[in-house]
Structures are given as C-alpha cells and as structure tokens.
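Written out below as structure tokens is the structure these notes cover.
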Amino acid sequence: MVVLLKLKQLPLFDYPVIGNNYVLMITTPTLLLNEEICRRNIKEMADKARRNKIILRPHFKTHQSIEIGKWFREEGIDRITVSSLKMAGYFVQDNWKDILVAFPVNILEIDTINRLAGNIRLSLLVESVEAVEYLAQHLKSPVSVYVKVDIGFHRTGVSWDDHQTVSEILKSVNNSGKISFSGFLTHAGYSYKSRSISEIQAVHDESTSRMVSLKKHFIAEYPDLKISVGDTPTCSRMEDFGMVDEIRPGNFVFYDVTQNIIGSCSVDQIAVAMACPVVAVHKERNEIVIYGGSVHFAKDSVTDRDGKTIYGRVVRNDDTGWGEVIEGAYLKKLSQEHGIIYVPSDIVSQYKIGDIILVLPVHSCTTANLMKEYITLDGRIISRL
C-alpha cells in the first residue's frame, strides 16, 4: 500500500519516474494539500458573504501562506485578519493593505505597530482604557480599533452587556487623536462544543443577538460601527446574519476532523491530509505505528460521536490523493515522533511496514503550523510563515 502520488507536472525536484507519470515518493510525514478542495472552500465562503451583502475578512492564521492568500484575492477579497503583528508583516510583503490583528494589542510591540501603521490600514483589538491610552501616547500613524467583546466564551474581552466599560473605552478612543473606532468584534469559540446543526444554530442565534443588542445601544452615537464575528462553524452553516457586517472565519480554508464532527463540513471538504510512513504493525493489538507524532500533528484531540478520543481519521489512499474515511480506523495516541493507529481486525493484515497511511488532522491550524509547508497533489511545494 505504498502511496505513489501521480503528478500532473514535473516538480522542481527529482522523483522517480514510472512510465510517463512522475511520482512523489513520501518518506517522512508530509502535509498534503488538495488545491481543488481548498479553492472550492474559499469560493463557497466568498459567495456566502456576497449573498448576505456582508464583508468577508478571512482569518489567515490557518494557512499562513502568501500563495494561498492569492487564491482569496481571486475571489475578490481585499482585507484580511491575522493573529499577530509578525503575520501581518508577512502578508504586507504581498501587498495586503487592510489588515486586522485579531488578538488583544500587545503594547510591548509598539515599534512594530508604528512600522505597519505607516504603510497599511492597520486595525487593532482593544479591551481596556489602559491599552487605548498607551496607543494614544505612542502612535506615530493612525490606526483603527475594534473593541473585543465577550459574548459567553469567556476567553477575553469586555462583556457584551457591560455598556459602562465600553463607553469608557470609546471615550478614550475619541480623545486619542490617532485612533478611530471601527466596531465590535467577537469570536463565538464555544460553537466548537456543538455536535449538530441545531446546536450551531443556537450558538449563532445567541451570539448575534447579543452583538446586535450592543450595536443598537451605541449605533446612534457611532452610526458607522461594524459588528464582526468569526467562528468557522456558524459562518459555515448559517445563512441569516441579520445586522452582522463582517465575518472572519479561518479554519474553513482547510477544515478538519473537529469541524466535521461539529457539523461544520463534510469529509469531502477537508483539504489537508498527513501522509505518514508505517514503521511497525502489531496485528495482535490491531495497531499500526506510524512516523507521525505530536511534533507533526500537535496534541489536539476530539471526542467522536462514539465517545472515543481521537487524534485523526484514516482515509483511503488513491492515485490522486485520498478517498473516503476508513470506518473504524483512527489515530488513537501520539507521542513525540510516534503515532498509534487503531485498525479494525478485518483489514489490519493489509498493512505492512513501508506503506503510507493518510490521516485527516483533528486540528488543521496547529498541524499546518508545525509542518511549515504543504505539498499539493500536483507536486508543488507551498511555503508559509
């Protein structure tokens, strides 16, 4: 079952040739990217934003790739979200001019903030008067800010019904000189606990109603303020966004096993898979040992609908990438370099050392971050930050 992926064109590096087809010989854990699926995911989200007449400001923290960023441009995207100033600087290299850093502003990076703000429209996230006052005293160029709102996830932000604190922050913004107020931003991270469309709907209804309530309280004084929301489950499955102005999903570009279990996507929307060599087979335990551990996948796990803790799902190999999920086969344990895959007894004998097993990651964001590059199914290397 060694996988030899047929390539559509000769890559930039040497591979063995079988007949008239160039083949990619995988020897170490390799993160494969199905460009067709990825582009389709991007188009579907862009189409949804257009249907709803809202702004799509995609979060680039999942792919962190200039080349993949260009695929968004082809769909008319002209503003993006990132999770760090370093990431903002990376995408500035490809001439992105409107960038939101969706992480509470770190005042220790004021020099970087000033460098970026002098060249692009930079938006920052604030949730305290202290942060605004520091920016007001040290900024050399204008920036815009969103106020981070906590709608129930309780990670960070001002509570959606704490109008007094919000008013104090906005008063400080008004007095700052170089800071403009863009709107209210939130992330309904608790949507990741959903396990059905109805549960995603419940999170969506609650989160949007709370943000709309906040917007209505301040809209008379700030008629141009925007509501920005951003979790992949609600952005993927919901259609009615009411008074929401902007969506910032990120994981949807690849999706993953967690999103599939939540109900955000189907398996055939998952655009990345890890190719891992088999280094041992233990038929008596129905286990296969792969070269692919926490340094490749991270240690994210999810509980599937059968109550099992899994670290990835095994998919069938084919000539052009991967096929459907193999029922009952899953990545059950990770250590630093090792991965342990459980395989049902009726198929475990089909595997031998030297084979390649393809695994859909539980969390594509952290997996991609660890791997640092993608190999497309036509053999191109796509680099990333």
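Here's how to read the names in the structure tokens: chain A, B, ... by the order shown, residue numbers from 1 in each chain, ligand numbers from 1 in the order shown.
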- Item | All strand (DSSP E or B) residues (DSSP, backbone) inside region 172-341 of chain A, as a PyMOL selection string | chain A and resi 179-185+226-229+246-247+272-282+287-291+302-303+309-310+312-318+321-334+338-341
- Message: I'd like the neighbourhood of Lys178 (chain A) as a ChimeraX atom specification, where a residue qualifies if any of its atoms comes within 12 Å (using only C-alpha atoms), though same-chain residues fewer than 5 positions away should be ignored.
- Response: /A:114,117-118,122,132-145,172-173
- Compile the contact shell of region 245-252 of chain A as a PyMOL selection string: residues with an atom at most 10 Å away, counting only C-alpha atoms, same-chain residues fewer than 6 positions apart removed. chain A and resi 38+41-42+44-45+49+52-63+80-82+100+102+183+185-187+225-236+259+264-265+269-271+363-365
- Exercise: region 204-218 of chain A partners within 7 Å, only C-alpha atoms, chain neighbours under 6 positions left out, as a list of chain:residue names: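 Residues near the query, excluding close chain neighbours: A:Ile151, A:Trp160, A:Asp161, A:Ala188, A:Ile227, A:Thr234, A:Met243.
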Export, as an mmCIF file, in the first residue's frame, the selected residues with C-alpha atoms.
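The resulting file, result-v9.cif, is reproduced below:
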data_model
loop_
_atom_site.group_PDB
_atom_site.id
_atom_site.type_symbol
_atom_site.label_atom_id
_atom_site.label_comp_id
_atom_site.auth_asym_id
_atom_site.auth_seq_id
_atom_site.Cartn_x
_atom_site.Cartn_y
_atom_site.Cartn_z
ATOM 1 C CA ILE A 151 -20.389 37.035 24.345
ATOM 2 C CA TRP A 160 -21.420 42.267 25.797
ATOM 3 C CA ASP A 161 -23.720 43.894 28.369
ATOM 4 C CA ALA A 188 -18.074 32.554 19.484
ATOM 5 C CA ILE A 227 -20.231 44.030 14.049
ATOM 6 C CA THR A 234 -21.536 29.412 12.423
ATOM 7 C CA MET A 243 -27.214 43.062 11.458
#
